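What follows is a short report on a single structure.
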Amino acid sequence: MSHQAGGTARFRALLFACSSLAGLTAVPASAQENPGSTIETVTVTAEKRQENILDVGINVTALSADELRESRIVSATDLATQVPNVDVKTNVPGAQQIITVRGVGLDDFSSTNNSSVGVYIDDIFLASFAEMDFGMYDMGSVEVLKGPQGTLYGRNSTAGAINLISAKPTLDGLDGFVTAGYGNYDTFTATAAVNVPVADNFALRFSGQTDQQGTGFWYSPELGQHLGAQNVFRERGQALWEPTGKITVLLKLEGEENNSQISAGKFFGDDSTTAAPCPDFKNPGHCTNIFGFTDTNPNPFVVSTEAPAPYKVKSFNTTLHVTDDLGWAELTAITGYIDFMRDFYIDADASPFALAEFNQHDHVQQFSQEVRLAGDTGGVDWLAGAYYSWDRVHSYTPGTLAQLLGADVNIQSFQETNSAALFGQAKWPITDTLTLVTGLRGTYESRSYEGGSTFYLAGSSAAYPCGAPFFVFPTFEDDTISTRNISWHGGLNWKPTDGTLVYVSAAESAKSGGFFNGISFESQALAPYKPEYLTDYEAGVKSNVLGDTMLVDSSLFYYDYRDYQAQTFTSVGTVSLIKLSNIERASIYGLDLGLTWLPTDGLSLRAGLGLLHSRLGSFPYFTTSLLTEPAGNKMPDAADATFNGTLRYEHDLFDYIGAIQFAGVYEDGHFFEALNTPYLDSPASWVFNGRVSVATPGKGWELAFWTENIFNEEHTIQAVDDGQPIGGGYRMFNNPRTYGVELTHAF
């Protein structure tokens, strides 16, 4: 049986088993003889207003502040431990987080590009891939919305949306917390927040975080030092003002200063010194690059680079959120501005030679303004709004190919995007239990790009103030693309009981077209790629069962993709390069199943299972000649099955409160690129985490011991083939086992 046929059979078997499990959980409350605590009402803002999660016909995973803290969710990478059908990896070792939801994502590194998952921090969309390395601290909650969200969230949310919601100031009284911890790899972390009511209608909240890691995960024998040290400071200030009983004004100022390190990948060779094929990870000695270099050290964190790999970020953002209760509707206005700068050095050939090394500098500025009205008229729950944004991305990347082509290079670009949209959604009651949901968004976008690659004789760019051009005709693109698109949503919500929602829906969203921003040897590589469109057909059930001690959330979906954006290889003479382009057709179908269960007092279980089957249509690509890849490949980063489970038990321990938590995450094997190259994949993996804590009554003090990746599981999270003539590639791995202790005081 072929790998694909076997995967399909396994997928169908799991799908049947999960459907059976979903049916078994939907038992009457009388079947629960010894119920534990009941599940509290979960309130989400997935549809731009506060609603019970059982009234929202979308697959939503909501994580509370306590769940985020107890599971140590501090970055996007950690979300995959709590949400099924979500993959988060780093595109360079230690940075460049790439988020994929239900197999939909974009494996790209260009700061001029956008994630397929709309990431919103306090209602502000992050406009560039460069901004994806965000941290999470002093959070109120996190919501992961699956499926296209173009109606309410706009362009670039074909995969879904992630809402990161900071803890807000309150008028209730003085409170706060301080957490400090120490762990292996000489790691120190500290987070603090304080809420200060200044007057009856005015309050402030200040919070901050620092991450300090003295010893990085990686070690370079060439440098004789560890790589990956962290030195990060984040701070946030918020002011809440309620001048009247109907008007609320919330101002947020936030910044980050990051002076850290990343690393290089683990080298593998593409050129064979024998008749045996390469790469051969079991016998790497005969697999080399063009200079005969090979890496036979089995430790995945011993890397062959001579570059110290600095990583620096300096950012500032501000958000103004104003609401006014007009009586007949609520008016909301959200204004956001971000100024983000990033510098980092990447050894792209992952070897001691200067074959392909780049020092990237990105500067992102963005502004957005959203205004919306929401109300209830004649039983129709409605929302209407307008949106405008601009973002400017300047990327400057000097690099060297000195030992490859005898040249240095400067990759430079400036991109400006302007977007405007009108949108609305309404919920039309048909009967007391049946509601029709409709939504529409019209978007106009204009994107201009100017940039390319200029080559110099190696070393001449330093010798001459203006540089000495090596190629008479450098690559260059100066173009503007504009699009108009309509995103839509329609569905039926049926509530047979207050604790159960059954929904069916169809929706379509678009992701912007754009320009590739990597090194290019001919202008053709810079030609714009087209927007992609995803249509989702979905059915789901959410229900509180077993006497409200269990919440089940399941959905089946089918995606129809048009002009899917993907990276493939193209060749220019003897040089093989990655190019971002469109694949005409693709499809995905699958299942999401989530469960929260409180079987008895103090015991809780959260679990999620995701199943996927993805299929790419045929597409052309270049190697030494024009070839066509036949239909049937799997989409990148689309594992057939994912599972996450967290078991927590909390009980009185003498005069204190003791708790133990154990979590496991499974991800099936998957490929990293559209060509499904056998050695550019990840095997199936399990990772386990744990936490033990003891706290005073009321949890004013808590001492916790934690460990992540308990069994030190190693698996590939990204693999890149540099192609010819370099003759090498590299892999990246999940973090090794980490552990530590932390002390928290809440007041």
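In the structure tokens, each chain is lettered A, B, ... as it comes, each chain's residues begin at 1, and ligands are numbered from 1 in order of appearance.
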Worksheet item: Leaving out Thr454 in chain A and any residue of its chain fewer than 3 positions from it, which residues lie within 7 Å of it when counting only C-alpha atoms, given as a PyMOL selection string?
Response: chain A and resi 409-411+474-475
Fill in: Counting only C-alpha atoms, the option among A:Val56, A:Val92, A:Tyr656, A:Asp347 closest to Trp494 in chain A
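That would be A:Val56, the residue with the smallest distance to Trp494 in chain A.
Between Thr377 in chain A and the residues A:Leu326, A:Ile262, A:Leu171, A:Ala426, the shortest atom-to-atom distance, using only C-alpha atoms, involves A:Ala426.
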Practice prompt. Would you please work out which residue, of A:Phe188, A:Trp488, A:Phe281, A:Phe344, is nearest to Asn259 in chain A when using only C-alpha atoms?
Written response: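 Using only C-alpha atoms, Asn259 in chain A sits closest to A:Phe344.
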Fill in: Interatomic distance, CA of Ala333 in chain A to CA of Glu370 in chain A (Å, one decimal)
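Here the two named atoms are 5.7 Å from each other.
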Fill in: Residue contacts of Pro697 in chain A (12 Å, only C-alpha atoms) excluding same-chain residues fewer than 2 positions away, as an MDAnalysis selection string
chainID A and resid 651:658 694:695 699:702 746
Requested write-out: all heavy atoms of the selected residues, as a compact mmCIF listing (two decimals), in the first residue's frame:
```
# COMPACT_ATOMS: atom_id res chain seq x y z
N HIS A 651 -6.23 19.62 44.56
CA HIS A 651 -6.86 19.12 45.79
C HIS A 651 -6.18 19.76 46.99
O HIS A 651 -5.04 20.23 46.92
CB HIS A 651 -6.75 17.59 45.88
CG HIS A 651 -7.77 16.98 46.78
ND1 HIS A 651 -7.54 16.75 48.12
CD2 HIS A 651 -9.03 16.54 46.54
CE1 HIS A 651 -8.62 16.20 48.67
NE2 HIS A 651 -9.55 16.06 47.74
N ASP A 652 -6.91 19.76 48.13
CA ASP A 652 -6.33 20.27 49.37
C ASP A 652 -5.13 19.42 49.76
O ASP A 652 -5.17 18.18 49.70
CB ASP A 652 -7.36 20.23 50.50
CG ASP A 652 -8.47 21.25 50.30
OD1 ASP A 652 -8.26 22.19 49.52
OD2 ASP A 652 -9.55 21.09 50.92
N LEU A 653 -4.07 20.09 50.19
CA LEU A 653 -2.84 19.43 50.61
C LEU A 653 -2.43 20.06 51.94
O LEU A 653 -1.82 21.14 51.97
CB LEU A 653 -1.75 19.62 49.55
CG LEU A 653 -0.41 18.93 49.80
CD1 LEU A 653 -0.59 17.42 49.74
CD2 LEU A 653 0.63 19.40 48.78
N PHE A 654 -2.84 19.40 53.02
CA PHE A 654 -2.68 19.98 54.37
C PHE A 654 -3.37 21.34 54.39
O PHE A 654 -4.56 21.42 54.13
CB PHE A 654 -1.20 20.06 54.74
CG PHE A 654 -0.51 18.72 54.70
CD1 PHE A 654 0.41 18.44 53.71
CD2 PHE A 654 -0.79 17.75 55.66
CE1 PHE A 654 1.04 17.20 53.66
CE2 PHE A 654 -0.17 16.51 55.62
CZ PHE A 654 0.74 16.22 54.62
N ASP A 655 -2.66 22.39 54.67
CA ASP A 655 -3.30 23.71 54.71
C ASP A 655 -3.13 24.47 53.39
O ASP A 655 -3.36 25.68 53.34
CB ASP A 655 -2.69 24.55 55.85
CG ASP A 655 -3.01 23.97 57.21
OD1 ASP A 655 -4.09 23.35 57.34
OD2 ASP A 655 -2.18 24.11 58.12
N TYR A 656 -2.74 23.75 52.35
CA TYR A 656 -2.48 24.39 51.07
C TYR A 656 -3.31 23.73 49.97
O TYR A 656 -4.09 22.80 50.22
CB TYR A 656 -0.98 24.30 50.73
CG TYR A 656 -0.10 24.96 51.76
CD1 TYR A 656 0.44 24.23 52.82
CD2 TYR A 656 0.17 26.32 51.68
CE1 TYR A 656 1.24 24.83 53.76
CE2 TYR A 656 0.97 26.94 52.64
CZ TYR A 656 1.49 26.20 53.67
OH TYR A 656 2.27 26.81 54.61
N ILE A 657 -3.11 24.20 48.75
CA ILE A 657 -3.78 23.63 47.58
C ILE A 657 -2.71 23.07 46.66
O ILE A 657 -1.84 23.80 46.17
CB ILE A 657 -4.60 24.69 46.82
CG1 ILE A 657 -5.66 25.30 47.73
CG2 ILE A 657 -5.26 24.08 45.57
CD1 ILE A 657 -6.37 26.49 47.11
N GLY A 658 -2.74 21.76 46.45
CA GLY A 658 -1.78 21.12 45.57
C GLY A 658 -2.40 20.83 44.22
O GLY A 658 -3.60 20.58 44.10
N VAL A 694 2.04 24.07 44.42
CA VAL A 694 1.41 24.16 45.73
C VAL A 694 1.14 25.63 46.00
O VAL A 694 1.98 26.49 45.70
CB VAL A 694 2.29 23.53 46.84
CG1 VAL A 694 3.64 24.23 46.93
CG2 VAL A 694 1.57 23.54 48.17
N ALA A 695 -0.07 25.93 46.51
CA ALA A 695 -0.47 27.32 46.68
C ALA A 695 -1.17 27.50 48.01
O ALA A 695 -1.75 26.55 48.58
CB ALA A 695 -1.41 27.75 45.54
N LYS A 699 -4.84 31.24 46.64
CA LYS A 699 -3.74 31.31 45.67
C LYS A 699 -3.03 32.66 45.68
O LYS A 699 -2.63 33.19 44.66
CB LYS A 699 -4.24 30.98 44.26
CG LYS A 699 -4.77 29.55 44.15
CD LYS A 699 -5.10 29.17 42.72
CE LYS A 699 -5.57 27.73 42.66
NZ LYS A 699 -5.91 27.31 41.28
N GLY A 700 -2.87 33.23 46.88
CA GLY A 700 -2.08 34.45 46.99
C GLY A 700 -0.61 34.19 46.70
O GLY A 700 0.08 35.05 46.16
N TRP A 701 -0.15 32.99 47.10
CA TRP A 701 1.21 32.56 46.77
C TRP A 701 1.13 31.20 46.08
O TRP A 701 0.31 30.35 46.45
CB TRP A 701 2.06 32.41 48.04
CG TRP A 701 2.43 33.72 48.68
CD1 TRP A 701 1.74 34.39 49.65
CD2 TRP A 701 3.58 34.51 48.39
NE1 TRP A 701 2.38 35.55 49.98
CE2 TRP A 701 3.53 35.65 49.22
CE3 TRP A 701 4.66 34.39 47.52
CZ2 TRP A 701 4.49 36.65 49.21
CZ3 TRP A 701 5.62 35.37 47.50
CH2 TRP A 701 5.55 36.49 48.33
N GLU A 702 1.99 31.01 45.09
CA GLU A 702 2.05 29.71 44.43
C GLU A 702 3.50 29.41 44.05
O GLU A 702 4.19 30.26 43.48
CB GLU A 702 1.19 29.67 43.16
CG GLU A 702 1.21 28.30 42.48
CD GLU A 702 0.55 28.29 41.11
OE1 GLU A 702 1.04 29.01 40.22
OE2 GLU A 702 -0.46 27.57 40.95
N ALA A 746 0.16 36.87 44.09
CA ALA A 746 -0.97 37.67 43.59
C ALA A 746 -1.56 38.45 44.76
O ALA A 746 -1.69 37.94 45.87
CB ALA A 746 -2.02 36.77 42.96
```
Worksheet entry | helix (DSSP H, G or I) residues, from DSSP on the backbone, in range 88-303 of chain A, as a ChimeraX atom specification | /A:129-132,150-153,284-286
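Proximity of A:Tyr739, A:Tyr503, A:Tyr730, A:Phe353 to Val303 in chain A, computed with only C-alpha atoms, is greatest for A:Tyr730.
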Write out as a compact mmCIF listing (two decimals) with N, CA, C and O atoms, in the first residue's frame which residues come within 10 Å of Asn359 in chain A when counting only C-alpha atoms, dropping same-chain ones fewer than 3 positions away.
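Result saved to part.txt:
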```txt
# COMPACT_ATOMS: atom_id res chain seq x y z
N ALA A 309 24.88 35.13 14.63
CA ALA A 309 23.42 35.15 14.48
C ALA A 309 22.69 36.06 15.46
O ALA A 309 21.83 35.60 16.22
N PRO A 310 22.98 37.35 15.48
CA PRO A 310 22.20 38.25 16.35
C PRO A 310 20.76 38.38 15.86
O PRO A 310 20.48 38.24 14.66
N TYR A 311 19.85 38.64 16.79
CA TYR A 311 18.44 38.86 16.48
C TYR A 311 17.96 40.01 17.34
O TYR A 311 17.96 39.93 18.58
N ASP A 343 16.21 43.28 13.04
CA ASP A 343 17.48 42.95 12.37
C ASP A 343 17.87 41.54 12.80
O ASP A 343 17.84 41.20 13.99
N PHE A 344 18.26 40.70 11.83
CA PHE A 344 18.77 39.39 12.20
C PHE A 344 19.69 38.87 11.10
O PHE A 344 19.61 39.27 9.94
N TYR A 345 20.56 37.95 11.50
CA TYR A 345 21.56 37.39 10.59
C TYR A 345 21.27 35.90 10.45
O TYR A 345 21.10 35.18 11.42
N ILE A 346 21.24 35.43 9.19
CA ILE A 346 20.95 34.03 8.95
C ILE A 346 22.01 33.42 8.05
O ILE A 346 22.34 33.97 6.99
N ASP A 347 22.56 32.29 8.51
CA ASP A 347 23.51 31.51 7.72
C ASP A 347 22.69 30.49 6.94
O ASP A 347 22.43 29.37 7.40
N TYR A 396 15.77 45.70 3.89
CA TYR A 396 17.13 45.92 3.39
C TYR A 396 17.98 44.76 3.86
O TYR A 396 18.16 44.53 5.06
N THR A 397 18.52 43.97 2.91
CA THR A 397 19.22 42.74 3.26
C THR A 397 20.53 42.62 2.51
O THR A 397 20.58 42.08 1.39
N PRO A 398 21.63 43.11 3.07
CA PRO A 398 22.94 42.80 2.48
C PRO A 398 23.32 41.36 2.78
O PRO A 398 23.01 40.83 3.85
N GLY A 399 23.95 40.72 1.83
CA GLY A 399 24.35 39.33 2.02
C GLY A 399 25.62 39.03 1.25
O GLY A 399 26.12 39.85 0.48
N THR A 400 26.13 37.82 1.46
CA THR A 400 27.33 37.42 0.75
C THR A 400 27.19 36.01 0.19
O THR A 400 26.65 35.12 0.84
N ASN A 410 22.88 42.82 -2.39
CA ASN A 410 22.01 43.67 -1.59
C ASN A 410 20.59 43.49 -2.10
O ASN A 410 20.28 43.80 -3.24
N ILE A 411 19.72 42.94 -1.24
CA ILE A 411 18.31 42.75 -1.57
C ILE A 411 17.54 43.86 -0.87
O ILE A 411 17.58 43.97 0.35
```
Fill in: Proximity to His745 in chain A - best of A:Thr642, A:Gly698, A:Thr43, A:Thr318, only C-alpha atoms
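Ranked by minimum distance to His745 in chain A, first place goes to A:Gly698.
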